[in-house]
file protein_24.txt (compact mmCIF, C-alpha atoms and all ligand atoms)
# COMPACT_ATOMS: atom_id res chain seq x y z
CA MET A 12 -20.38 16.02 -88.78
CA ARG A 13 -17.02 15.20 -90.34
CA LEU A 14 -16.78 11.44 -90.80
CA LEU A 15 -13.99 9.03 -91.58
CA VAL A 16 -15.61 6.03 -93.29
CA THR A 17 -13.26 3.08 -93.66
CA GLY A 18 -14.06 0.40 -96.25
CA GLY A 19 -16.31 2.89 -98.03
CA ALA A 20 -15.53 1.50 -101.50
CA GLY A 21 -17.06 -1.86 -100.58
CA PHE A 22 -20.69 -2.94 -100.77
CA ILE A 23 -22.21 -1.59 -97.56
CA GLY A 24 -19.70 1.24 -97.07
CA ALA A 25 -20.42 2.70 -100.52
CA ASN A 26 -24.16 2.58 -99.87
CA TYR A 27 -23.55 4.30 -96.51
CA VAL A 28 -21.40 7.09 -97.96
CA GLN A 29 -24.03 7.86 -100.60
CA GLN A 30 -26.86 7.74 -98.06
CA VAL A 31 -25.12 10.06 -95.56
CA LEU A 32 -24.17 12.67 -98.16
CA ALA A 33 -27.77 12.68 -99.41
CA ALA A 34 -29.36 12.79 -95.94
CA HIS A 35 -27.02 15.26 -94.19
CA PRO A 36 -26.14 18.26 -96.40
CA ASP A 37 -23.74 19.70 -93.78
CA ASP A 38 -21.70 16.51 -93.34
CA SER A 39 -18.39 15.77 -95.01
CA ILE A 40 -16.75 12.37 -95.46
CA VAL A 41 -13.24 11.06 -95.94
CA THR A 42 -13.38 7.51 -97.31
CA LEU A 43 -10.32 5.40 -96.49
CA ASP A 44 -10.15 2.14 -98.43
CA LEU A 45 -7.35 -0.16 -99.48
CA LEU A 46 -9.21 -1.17 -102.67
CA THR A 47 -8.70 -4.89 -102.16
CA TYR A 48 -10.40 -7.25 -104.64
CA ALA A 49 -13.71 -6.27 -102.95
CA GLY A 50 -13.21 -2.51 -103.08
CA ASN A 51 -14.23 -0.68 -106.22
CA LEU A 52 -14.09 3.05 -106.89
CA ALA A 53 -16.93 2.61 -109.36
CA ASN A 54 -19.15 2.04 -106.30
CA LEU A 55 -18.50 5.66 -105.30
CA GLU A 56 -18.79 7.16 -108.76
CA SER A 57 -21.81 9.31 -107.85
CA VAL A 58 -19.93 11.08 -105.02
CA LEU A 59 -16.36 11.27 -106.30
CA ASP A 60 -16.86 14.85 -107.51
CA ASP A 61 -18.82 15.94 -104.46
CA PRO A 62 -16.79 18.65 -102.66
CA ARG A 63 -17.94 17.19 -99.33
CA HIS A 64 -16.25 13.87 -100.11
CA ARG A 65 -12.57 12.89 -100.31
CA PHE A 66 -11.29 9.43 -101.22
CA VAL A 67 -7.98 8.17 -99.79
CA ARG A 68 -6.46 4.84 -100.72
CA GLY A 69 -4.85 3.20 -97.68
CA ASP A 70 -4.78 0.37 -95.19
CA ILE A 71 -6.55 0.67 -91.83
CA ALA A 72 -3.66 -1.32 -90.32
CA ASP A 73 -1.20 1.38 -91.43
CA ARG A 74 -0.93 3.97 -88.63
CA ALA A 75 0.50 6.69 -90.87
CA ALA A 76 -2.21 6.22 -93.50
CA VAL A 77 -4.93 6.42 -90.85
CA ALA A 78 -3.41 9.55 -89.28
CA ALA A 79 -3.18 11.18 -92.73
CA ALA A 80 -6.81 10.35 -93.47
CA ILE A 81 -7.90 11.87 -90.16
CA GLY A 82 -5.92 14.99 -91.09
CA ASP A 83 -7.10 18.05 -89.14
CA GLY A 84 -9.62 15.91 -87.30
CA VAL A 85 -12.92 14.10 -87.70
CA ASP A 86 -15.93 13.89 -85.41
CA ALA A 87 -16.56 10.19 -86.01
CA ILE A 88 -15.07 7.03 -87.45
CA VAL A 89 -17.35 4.38 -88.95
CA ASN A 90 -15.42 1.19 -89.60
CA PHE A 91 -16.72 -0.96 -92.46
CA ALA A 92 -13.25 -2.05 -93.62
CA ALA A 93 -12.90 -5.82 -93.39
CA GLU A 94 -12.24 -9.04 -95.15
CA SER A 95 -15.86 -10.11 -95.29
CA HIS A 96 -16.25 -13.46 -97.06
CA VAL A 97 -16.58 -16.60 -94.93
CA ASP A 98 -15.38 -18.98 -97.67
CA ARG A 99 -12.17 -17.02 -98.18
CA SER A 100 -11.49 -17.11 -94.42
CA ILE A 101 -11.80 -20.90 -94.50
CA ALA A 102 -9.23 -21.05 -97.31
CA ASP A 103 -6.80 -18.63 -95.61
CA ALA A 104 -7.43 -16.64 -92.42
CA GLY A 105 -4.30 -14.45 -92.56
CA ALA A 106 -5.76 -11.31 -94.14
CA PHE A 107 -8.77 -11.57 -91.81
CA LEU A 108 -6.57 -11.23 -88.74
CA ALA A 109 -4.47 -8.44 -90.27
CA THR A 110 -7.42 -6.25 -91.28
CA ASN A 111 -10.32 -7.23 -89.04
CA VAL A 112 -8.36 -7.55 -85.79
CA LEU A 113 -5.11 -5.56 -86.05
CA GLY A 114 -6.61 -2.95 -88.37
CA THR A 115 -9.47 -2.30 -85.94
CA GLN A 116 -6.99 -1.78 -83.09
CA VAL A 117 -5.03 0.72 -85.18
CA LEU A 118 -8.25 2.67 -85.80
CA LEU A 119 -9.15 2.58 -82.10
CA ASP A 120 -5.69 3.90 -81.16
CA ALA A 121 -5.97 6.66 -83.77
CA ALA A 122 -9.44 7.61 -82.54
CA ARG A 123 -8.06 8.07 -79.02
CA ALA A 124 -4.92 9.89 -80.15
CA HIS A 125 -6.95 12.37 -82.23
CA GLY A 126 -9.79 12.79 -79.72
CA VAL A 127 -12.40 11.46 -82.14
CA GLY A 128 -15.83 11.87 -80.52
CA ARG A 129 -17.52 8.70 -81.81
CA PHE A 130 -16.35 5.31 -83.08
CA LEU A 131 -18.79 2.87 -84.66
CA GLN A 132 -17.71 -0.68 -85.40
CA VAL A 133 -19.81 -2.37 -88.09
CA SER A 134 -20.07 -5.97 -86.91
CA THR A 135 -22.12 -9.01 -87.78
CA ASP A 136 -24.62 -11.50 -86.37
CA GLU A 137 -22.10 -14.24 -87.19
CA VAL A 138 -20.26 -13.48 -83.94
CA TYR A 139 -23.12 -15.26 -82.12
CA GLY A 140 -22.62 -18.56 -83.95
CA SER A 141 -25.45 -20.74 -85.25
CA LEU A 142 -29.07 -21.24 -84.12
CA GLY A 143 -31.31 -24.30 -84.01
CA PRO A 144 -34.77 -24.19 -85.60
CA SER A 145 -36.12 -21.60 -83.15
CA GLY A 146 -34.97 -18.52 -81.22
CA ALA A 147 -33.04 -15.40 -82.23
CA PHE A 148 -29.78 -13.67 -81.30
CA SER A 149 -30.13 -10.82 -78.80
CA GLU A 150 -27.32 -8.50 -77.70
CA GLU A 151 -26.98 -10.73 -74.60
CA THR A 152 -26.38 -13.94 -76.59
CA PRO A 153 -22.87 -15.21 -75.78
CA LEU A 154 -20.32 -14.84 -78.56
CA ALA A 155 -19.64 -18.19 -80.24
CA PRO A 156 -18.11 -17.51 -83.66
CA ASN A 157 -17.66 -20.55 -85.90
CA SER A 158 -15.65 -19.42 -88.94
CA PRO A 159 -12.28 -17.65 -88.96
CA TYR A 160 -14.13 -14.62 -90.40
CA ALA A 161 -16.64 -14.60 -87.55
CA ALA A 162 -13.87 -15.15 -84.97
CA SER A 163 -11.93 -12.16 -86.33
CA LYS A 164 -15.05 -9.97 -86.15
CA ALA A 165 -15.76 -11.13 -82.58
CA ALA A 166 -12.16 -10.27 -81.64
CA ALA A 167 -12.63 -6.78 -83.09
CA ASP A 168 -15.88 -6.32 -81.14
CA LEU A 169 -14.04 -7.18 -77.94
CA LEU A 170 -11.24 -4.72 -78.74
CA VAL A 171 -13.86 -1.99 -79.22
CA ARG A 172 -15.45 -2.96 -75.93
CA ALA A 173 -12.06 -2.80 -74.20
CA ALA A 174 -11.24 0.63 -75.71
CA HIS A 175 -14.53 1.94 -74.32
CA HIS A 176 -14.19 0.28 -70.92
CA THR A 177 -10.50 1.02 -70.31
CA HIS A 178 -9.94 4.29 -72.14
CA GLY A 179 -13.46 5.72 -72.20
CA LEU A 180 -13.55 5.83 -76.02
CA PRO A 181 -17.13 6.72 -77.04
CA ALA A 182 -17.78 3.59 -79.08
CA PHE A 183 -20.73 1.64 -80.50
CA VAL A 184 -21.03 -1.79 -82.09
CA THR A 185 -23.77 -2.77 -84.54
CA ARG A 186 -24.39 -6.42 -85.44
CA CYS A 187 -26.43 -6.99 -88.55
CA SER A 188 -27.75 -9.96 -90.49
CA ASN A 189 -27.22 -10.73 -94.22
CA ASN A 190 -27.41 -7.69 -96.49
CA TYR A 191 -28.51 -7.56 -100.10
CA GLY A 192 -28.74 -4.70 -102.59
CA PRO A 193 -26.70 -2.85 -105.23
CA TYR A 194 -22.87 -3.02 -105.40
CA GLN A 195 -22.50 -6.34 -103.55
CA PHE A 196 -19.47 -8.28 -104.75
CA PRO A 197 -20.58 -11.35 -106.72
CA GLU A 198 -18.96 -13.85 -104.38
CA LYS A 199 -21.88 -13.59 -101.93
CA LEU A 200 -25.01 -15.69 -102.37
CA ILE A 201 -27.48 -13.26 -103.96
CA PRO A 202 -25.19 -11.43 -106.44
CA LEU A 203 -23.40 -14.68 -107.29
CA PHE A 204 -26.65 -16.45 -108.09
CA VAL A 205 -28.12 -13.47 -109.97
CA THR A 206 -25.03 -12.96 -112.13
CA ASN A 207 -24.60 -16.71 -112.74
CA ALA A 208 -28.25 -16.98 -113.75
CA LEU A 209 -27.92 -13.97 -116.06
CA ALA A 210 -24.92 -15.73 -117.65
CA ASP A 211 -26.80 -19.11 -117.81
CA GLN A 212 -24.24 -20.68 -115.46
CA PRO A 213 -25.05 -23.15 -112.64
CA LEU A 214 -26.02 -21.87 -109.18
CA PRO A 215 -23.77 -23.74 -106.67
CA LEU A 216 -26.00 -24.40 -103.64
CA TYR A 217 -24.08 -25.68 -100.60
CA GLY A 218 -25.30 -28.95 -99.06
CA ASP A 219 -29.07 -29.35 -98.88
CA GLY A 220 -29.66 -25.60 -99.35
CA ARG A 221 -31.92 -25.52 -96.28
CA GLN A 222 -29.66 -23.15 -94.28
CA VAL A 223 -31.50 -20.05 -93.12
CA ARG A 224 -30.34 -16.43 -93.29
CA ASP A 225 -32.21 -13.27 -92.21
CA TRP A 226 -32.06 -10.87 -95.19
CA ILE A 227 -32.05 -7.10 -94.85
CA HIS A 228 -31.82 -4.47 -97.58
CA VAL A 229 -28.52 -2.57 -97.36
CA GLU A 230 -30.38 0.79 -97.16
CA ASP A 231 -32.12 -0.31 -93.97
CA HIS A 232 -28.79 -1.44 -92.49
CA CYS A 233 -27.10 1.88 -93.36
CA ARG A 234 -29.98 3.88 -91.88
CA GLY A 235 -29.65 1.87 -88.66
CA ILE A 236 -25.88 2.43 -88.46
CA ASP A 237 -26.35 6.17 -88.94
CA LEU A 238 -29.02 6.33 -86.25
CA VAL A 239 -26.81 4.51 -83.75
CA LEU A 240 -23.90 6.83 -84.60
CA ARG A 241 -25.96 9.98 -83.98
CA GLU A 242 -28.43 8.90 -81.29
CA GLY A 243 -27.23 5.62 -79.79
CA ARG A 244 -26.11 5.14 -76.20
CA VAL A 245 -22.33 5.16 -75.96
CA GLY A 246 -20.77 1.79 -75.15
CA GLU A 247 -23.78 -0.19 -76.35
CA VAL A 248 -24.21 -3.00 -78.86
CA TYR A 249 -27.22 -2.84 -81.22
CA ASN A 250 -28.51 -5.75 -83.31
CA LEU A 251 -30.09 -5.06 -86.69
CA GLY A 252 -32.06 -7.55 -88.77
CA GLY A 253 -34.58 -7.73 -91.55
CA GLY A 254 -37.08 -10.03 -89.80
CA ASN A 255 -36.89 -11.97 -93.04
CA GLU A 256 -35.76 -15.56 -92.64
CA ARG A 257 -35.35 -17.54 -95.87
CA GLU A 258 -33.76 -20.83 -96.82
CA ASN A 259 -31.02 -20.51 -99.44
CA ILE A 260 -32.92 -22.83 -101.77
CA GLU A 261 -35.91 -20.48 -101.67
CA ILE A 262 -33.66 -17.52 -102.60
CA ALA A 263 -32.25 -19.52 -105.53
CA GLY A 264 -35.80 -20.35 -106.70
CA CYS A 265 -36.94 -16.68 -106.47
CA ILE A 266 -33.96 -15.48 -108.50
CA LEU A 267 -34.49 -18.04 -111.25
CA GLU A 268 -38.22 -17.37 -111.40
CA THR A 269 -37.72 -13.59 -111.58
CA LEU A 270 -35.21 -13.98 -114.40
CA GLY A 271 -37.29 -16.61 -116.24
CA LYS A 272 -34.45 -19.16 -115.99
CA PRO A 273 -34.91 -22.93 -115.41
CA ARG A 274 -34.62 -24.51 -111.92
CA SER A 275 -32.23 -27.01 -113.50
CA LEU A 276 -29.52 -24.35 -113.10
CA ILE A 277 -29.44 -25.20 -109.35
CA ARG A 278 -26.51 -27.54 -108.49
CA HIS A 279 -26.19 -29.00 -105.01
CA VAL A 280 -22.45 -28.92 -104.30
CA THR A 281 -20.21 -29.93 -101.38
CA ASP A 282 -21.16 -28.00 -98.26
CA ARG A 283 -19.12 -25.17 -96.70
CA LEU A 284 -16.94 -26.45 -93.83
CA GLY A 285 -18.46 -25.65 -90.43
CA HIS A 286 -21.51 -24.13 -92.18
CA ASP A 287 -23.76 -22.23 -89.74
CA ARG A 288 -27.29 -23.58 -90.09
CA ARG A 289 -29.46 -20.65 -89.11
CA TYR A 290 -29.20 -16.97 -88.17
CA ALA A 291 -32.07 -14.85 -86.83
CA ILE A 292 -31.96 -11.46 -85.15
CA ASP A 293 -33.87 -10.01 -82.25
CA ALA A 294 -33.72 -6.28 -83.08
CA ARG A 295 -36.10 -5.10 -80.36
CA LYS A 296 -33.43 -3.01 -78.60
CA ILE A 297 -32.82 -0.60 -81.50
CA GLU A 298 -36.55 -0.56 -82.28
CA ARG A 299 -37.37 0.40 -78.69
CA GLU A 300 -34.53 2.85 -78.05
CA LEU A 301 -34.11 4.54 -81.43
CA GLY A 302 -37.36 3.81 -83.26
CA TRP A 303 -35.56 1.99 -86.10
CA LYS A 304 -37.35 -0.60 -88.20
CA PRO A 305 -36.49 -2.08 -91.58
CA ARG A 306 -38.62 -0.44 -94.29
CA ARG A 307 -37.83 -2.37 -97.45
CA ASP A 308 -40.16 -5.25 -98.34
CA PHE A 309 -38.07 -8.31 -99.21
CA ALA A 310 -39.90 -9.50 -102.33
CA ARG A 311 -39.79 -6.00 -103.83
CA GLY A 312 -36.22 -5.35 -102.63
CA LEU A 313 -35.00 -8.60 -104.17
CA ARG A 314 -36.72 -7.80 -107.49
CA ASP A 315 -35.14 -4.30 -107.48
CA THR A 316 -31.73 -5.81 -106.72
CA ILE A 317 -32.02 -8.36 -109.52
CA GLU A 318 -33.03 -5.51 -111.82
CA TRP A 319 -29.98 -3.49 -110.68
CA TYR A 320 -27.65 -6.33 -111.69
CA ARG A 321 -29.47 -6.73 -114.98
CA ALA A 322 -29.06 -3.01 -115.68
CA HIS A 323 -25.42 -2.87 -114.51
CA ARG A 324 -23.97 -5.74 -116.51
CA ALA A 325 -20.79 -3.77 -117.27
CA TRP A 326 -20.17 -3.32 -113.51
CA TRP A 327 -20.31 -7.04 -112.67
CA GLU A 328 -18.69 -8.24 -115.88
CA ALA A 329 -15.68 -6.03 -115.08
CA VAL A 330 -15.56 -7.46 -111.56
CA ARG A 331 -15.97 -11.06 -112.74
CA SER A 332 -12.78 -11.07 -114.75
CA GLY A 333 -9.08 -11.47 -113.99
CA ALA A 334 -8.40 -12.60 -110.42
CA TYR A 335 -12.10 -13.37 -109.90
CA LEU A 336 -11.90 -16.20 -112.43
CA ASP A 337 -9.01 -17.81 -110.51
CA TYR A 338 -10.98 -17.45 -107.28
CA TYR A 339 -14.09 -18.98 -108.90
CA GLU A 340 -12.19 -21.95 -110.30
CA GLY A 341 -10.47 -22.56 -106.94
CA MET A 342 -13.69 -22.29 -104.90
CA TYR A 343 -16.18 -23.95 -107.25
CA GLY A 344 -14.39 -25.77 -110.11
CA GLN A 345 -14.02 -29.14 -108.40
CA ARG A 346 -17.35 -28.83 -106.55
CA LEU A 347 -19.27 -28.17 -109.78
CA ARG A 348 -17.48 -30.88 -111.72
CA GLY A 349 -18.23 -33.30 -108.85
CA ALA A 350 -21.91 -32.26 -108.83
CA ALA A 351 -22.19 -32.71 -112.61
CA GLY A 352 -20.59 -36.17 -112.32
CA ALA A 353 -23.02 -37.17 -109.55
CA GLU A 354 -25.98 -36.05 -111.68
CA GLU A 355 -24.70 -38.09 -114.67
CA ASP A 356 -24.34 -41.17 -112.40
CA ARG A 357 -27.97 -40.74 -111.33
CA THR A 358 -29.22 -40.71 -114.96
P1 LIG B 401 -16.96 -5.83 -98.73
O1 LIG B 401 -16.03 -6.98 -98.72
O2 LIG B 401 -17.89 -5.59 -99.85
O3 LIG B 401 -16.13 -4.46 -98.54
C1 LIG B 401 -15.05 -4.36 -97.68
C2 LIG B 401 -14.27 -3.09 -98.04
O4 LIG B 401 -13.18 -2.95 -97.12
C3 LIG B 401 -13.67 -3.11 -99.45
O5 LIG B 401 -13.90 -1.88 -100.10
C4 LIG B 401 -12.18 -3.32 -99.20
O6 LIG B 401 -11.37 -2.74 -100.20
C5 LIG B 401 -12.02 -2.63 -97.85
N1 LIG B 401 -10.85 -3.11 -97.11
C6 LIG B 401 -10.48 -4.41 -96.88
N2 LIG B 401 -9.35 -4.45 -96.16
C7 LIG B 401 -9.00 -3.16 -95.93
C8 LIG B 401 -7.92 -2.57 -95.22
N3 LIG B 401 -6.98 -3.30 -94.63
N4 LIG B 401 -7.87 -1.22 -95.15
C9 LIG B 401 -8.81 -0.46 -95.77
N5 LIG B 401 -9.84 -0.97 -96.45
C10 LIG B 401 -9.93 -2.32 -96.53
O7 LIG B 401 -17.76 -5.96 -97.35
P2 LIG B 401 -19.26 -5.53 -96.98
O8 LIG B 401 -20.16 -6.65 -97.28
O9 LIG B 401 -19.54 -4.19 -97.52
O10 LIG B 401 -19.12 -5.45 -95.40
C11 LIG B 401 -18.73 -4.24 -94.76
C12 LIG B 401 -18.70 -4.48 -93.27
O11 LIG B 401 -19.98 -4.89 -92.80
C13 LIG B 401 -17.72 -5.57 -92.84
O12 LIG B 401 -17.09 -5.14 -91.66
C14 LIG B 401 -18.60 -6.77 -92.57
O13 LIG B 401 -18.04 -7.59 -91.59
C15 LIG B 401 -19.87 -6.11 -92.08
N6 LIG B 401 -21.14 -6.84 -92.31
C16 LIG B 401 -21.44 -7.31 -93.57
C17 LIG B 401 -22.67 -7.93 -93.77
C18 LIG B 401 -23.08 -8.44 -95.14
O14 LIG B 401 -24.10 -9.09 -95.26
N7 LIG B 401 -22.33 -8.16 -96.21
C19 LIG B 401 -23.57 -8.09 -92.70
C20 LIG B 401 -23.20 -7.61 -91.44
C21 LIG B 401 -21.99 -6.98 -91.26
O1 LIG B 402 -24.77 -12.66 -91.43
C1 LIG B 402 -23.97 -11.58 -91.82
C2 LIG B 402 -22.89 -12.08 -92.74
O2 LIG B 402 -23.52 -12.39 -93.97
C3 LIG B 402 -21.76 -11.08 -92.96
O3 LIG B 402 -21.09 -10.87 -91.75
C4 LIG B 402 -20.77 -11.57 -94.02
O4 LIG B 402 -19.81 -10.57 -94.30
C5 LIG B 402 -21.53 -11.91 -95.28
O5 LIG B 402 -20.66 -12.46 -96.23
C6 LIG B 402 -22.68 -12.88 -94.98
O6 LIG B 402 -22.14 -14.18 -94.60
P1 LIG B 402 -22.82 -15.54 -95.14
O7 LIG B 402 -21.81 -16.62 -95.07
O8 LIG B 402 -24.14 -15.77 -94.51
O9 LIG B 402 -23.09 -15.06 -96.66
P2 LIG B 402 -22.87 -15.77 -98.07
O10 LIG B 402 -23.51 -14.89 -99.08
O11 LIG B 402 -21.47 -16.19 -98.28
O12 LIG B 402 -23.75 -17.08 -97.92
C7 LIG B 402 -25.13 -17.01 -97.61
C8 LIG B 402 -25.66 -18.44 -97.53
O13 LIG B 402 -25.61 -19.02 -98.84
C9 LIG B 402 -24.83 -19.34 -96.64
O14 LIG B 402 -25.69 -20.26 -95.99
C10 LIG B 402 -23.92 -20.08 -97.62
C11 LIG B 402 -24.79 -20.20 -98.86
N1 LIG B 402 -24.05 -20.21 -100.14
C12 LIG B 402 -23.16 -19.20 -100.37
C13 LIG B 402 -22.42 -19.19 -101.54
C14 LIG B 402 -21.41 -18.08 -101.78
C15 LIG B 402 -24.29 -21.20 -101.08
O15 LIG B 402 -25.13 -22.09 -100.88
N2 LIG B 402 -23.56 -21.18 -102.25
C16 LIG B 402 -22.61 -20.23 -102.51
O16 LIG B 402 -21.98 -20.29 -103.58
call {"tool": "encode", "arguments": {"input": "protein_24.txt", "output": "structure tokens"}}
result
Amino acid sequence: MRLLVTGGAGFIGANYVQQVLAAHPDDSIVTLDLLTYAGNLANLESVLDDPRHRFVRGDIADRAAVAAAIGDGVDAIVNFAAESHVDRSIADAGAFLATNVLGTQVLLDAARAHGVGRFLQVSTDEVYGSLGPSGAFSEETPLAPNSPYAASKAAADLLVRAAHHTHGLPAFVTRCSNNYGPYQFPEKLIPLFVTNALADQPLPLYGDGRQVRDWIHVEDHCRGIDLVLREGRVGEVYNLGGGNERENIEIAGCILETLGKPRSLIRHVTDRLGHDRRYAIDARKIERELGWKPRRDFARGLRDTIEWYRAHRAWWEAVRSGAYLDYYEGMYGQRLRGAAGAEEDRT
């Protein structure tokens, strides 16, 4: 297969590109990525010289750039490209609409114009909203996105649905829970807490820290996406999850224990606005239809991931400089100073 992978210099996309080139010797990939703050060519270092891979810098919302990346034609488009961080969408939703909504429509139009045989939209469980203490999201759960990020992803899912229904585009949507693993940008919970702990900096835990996420190793997610692309039923939505529900405070504790750092590094800070309390995934459809199941054990996978960040200090130190420092101060400066003040008041 010839694939166009958009957003392939980001966390999950880069893992996917590497996995596909390793698993399918006859495949070739064009990676189209704008290299925003979250995109990093270093994530693709191992495949940059592979003759089966070509990197193109460009915006998925730019019709000419997309047409140029498709070139003589591709058999499939897998769309990872997105603004992906909930907190940033709360601060400013503009880029989320431009990339996640308009950019997806540009890709859908290009797929039709070039007769692309398969289109897979990488979506998220956040489109379903938040759960109470029990139950899980199935593919039939009504969409109820709560953050601007989640709303933009839900809009994209509906555009994909419409392209399939109206124009017969052979499309798929996958909706996955929280990923962890190598190359994740250190604004997300696990890499932020690991890199802060390695640097002996506080771990800013939102609210009471009892929110629940269902963690899945990025390799299991990528394997599921690839299976849907090759063997899924056209027009269908498939949920993917790790079956691994954890409270954020438990994740923070595991990271500190693994690194031999004190629990006193945990700081309870002001909660995220509109914070979803719990996500859980019912992945029985993909298990039943395609025989997919997550393989990576969470305790082991988390240890391996922590080890990856320990061994790749140069990677995350390079990322955590420049504009990242402005972002960090804006997002956490006041919250952390407030938390430190509250702790002093208590003593
Ligand atoms: P990421 O932020 O690490 O990477 C996003 C990539 O998209 C970056 O390389 C960035 O440069 C690129 N990009 C952004 N705007 C672009 C544009 N306009 N044109 C071209 N490229 C652009 O994100 P991620 O965590 O790897 O997530 C990838 C996809 O998976 C997203 O669609 C996200 O919604 C979805 N998803 C993520 C998770 C998770 O836990 N991280 C879970 C489920 C679904
Ligand atoms: O569920 C899938 C989604 O998972 C993806 O669609 C998103 O792209 C991805 O970013 C992720 O969204 P979350 O908001 O769940 O991930 P994040 O890592 O930002 O936060 C995980 C939990 O940790 C959440 O309850 C908020 C909390 N948190 C996060 C940060 C960054 C903290 O307590 N402190 C923090 O500093």
call {"tool": "residues_around", "arguments": {"input": "protein_24.txt", "residues": "stretch 31-33 of chain A", "least_positions_apart": "4", "cutoff": "9 Å", "atoms": "only C-alpha atoms", "output": "count of residues only"}}
result
13
call {"tool": "closest_residue", "arguments": {"input": "protein_24.txt", "among": "A:Tyr339, A:Leu14, A:Arg99, A:Ala162", "to": "A:Asp83", "atoms": "only C-alpha atoms"}}
result
A:Leu14
call {"tool": "residues_around", "arguments": {"input": "protein_24.txt", "residues": "A:Ala92", "least_positions_apart": "6", "cutoff": "10 Å", "atoms": "all atoms listed in the file", "output": "list in words"}}
result
Val16, Thr17, Gly18, Gly19, Ala20, Gly21, Ile23, Gly24, Leu43, Asp44, Leu45, Leu46, Gly50, Asp70, Ile71, Thr110, Asn111, Gly114, Thr115, Gln132 and Val133 of chain A
call {"tool": "atom_distance", "arguments": {"input": "protein_24.txt", "atom1": "atom CA of A:Pro156", "atom2": "atom CA of A:Tyr48"}}
result
24.6 Å
call {"tool": "residues_near_ligand", "arguments": {"input": "protein_24.txt", "ligand": "ligand LIG 402 (chain B)", "cutoff": "6 Å", "atoms": "all atoms listed in the file", "output": "PyMOL selection string"}}
result
chain A and resi 95-97+135-137+188-189+198-200+215-217+220+222+259
call {"tool": "closest_residue", "arguments": {"input": "protein_24.txt", "among": "A:Gly333, A:Gly143, A:Gly253, A:Pro153", "to": "ligand LIG 401 (chain B)", "atoms": "only C-alpha atoms and all ligand atoms"}}
result
A:Gly253
call {"tool": "closest_residue", "arguments": {"input": "protein_24.txt", "among": "A:His323, A:His279, A:Arg299, A:Arg68", "to": "ligand LIG 401 (chain B)", "atoms": "only C-alpha atoms and all ligand atoms"}}
result
A:Arg68
call {"tool": "atom_distance", "arguments": {"input": "protein_24.txt", "atom1": "atom C11 of ligand LIG 401 (chain B)", "atom2": "atom CA of A:Gln345"}}
result
28.8 Å
call {"tool": "build_atoms", "arguments": {"input": "protein_24.txt", "residues": "stretch 325-337 of chain A", "atoms": "N, CA and C atoms", "output": "short mmCIF file (atom, residue, chain, number, x, y, z; two decimals), in the frame of the given file"}}
result
data_model
loop_
_atom_site.label_atom_id
_atom_site.label_comp_id
_atom_site.auth_asym_id
_atom_site.auth_seq_id
_atom_site.Cartn_x
_atom_site.Cartn_y
_atom_site.Cartn_z
N ALA A 325 -22.19 -4.16 -117.10
CA ALA A 325 -20.79 -3.77 -117.27
C ALA A 325 -20.07 -3.78 -115.92
N TRP A 326 -20.78 -3.37 -114.85
CA TRP A 326 -20.17 -3.32 -113.51
C TRP A 326 -19.74 -4.74 -113.09
N TRP A 327 -20.66 -5.71 -113.20
CA TRP A 327 -20.31 -7.04 -112.67
C TRP A 327 -19.46 -7.84 -113.65
N GLU A 328 -19.58 -7.53 -114.95
CA GLU A 328 -18.69 -8.24 -115.88
C GLU A 328 -17.24 -7.80 -115.66
N ALA A 329 -17.05 -6.51 -115.36
CA ALA A 329 -15.68 -6.03 -115.08
C ALA A 329 -15.14 -6.71 -113.83
N VAL A 330 -15.99 -6.85 -112.83
CA VAL A 330 -15.56 -7.46 -111.56
C VAL A 330 -15.28 -8.95 -111.75
N ARG A 331 -16.11 -9.61 -112.55
CA ARG A 331 -15.97 -11.06 -112.74
C ARG A 331 -14.95 -11.39 -113.82
N SER A 332 -13.82 -10.73 -113.78
CA SER A 332 -12.78 -11.07 -114.75
C SER A 332 -11.48 -11.20 -113.98
N GLY A 333 -10.40 -11.44 -114.62
CA GLY A 333 -9.08 -11.47 -113.99
C GLY A 333 -9.01 -12.39 -112.79
N ALA A 334 -8.62 -11.80 -111.63
CA ALA A 334 -8.40 -12.60 -110.42
C ALA A 334 -9.68 -13.31 -109.98
N TYR A 335 -10.84 -12.74 -110.30
CA TYR A 335 -12.10 -13.37 -109.90
C TYR A 335 -12.23 -14.76 -110.51
N LEU A 336 -11.77 -14.91 -111.75
CA LEU A 336 -11.90 -16.20 -112.43
C LEU A 336 -11.05 -17.27 -111.74
N ASP A 337 -9.86 -16.87 -111.26
CA ASP A 337 -9.01 -17.81 -110.51
C ASP A 337 -9.70 -18.20 -109.20
#
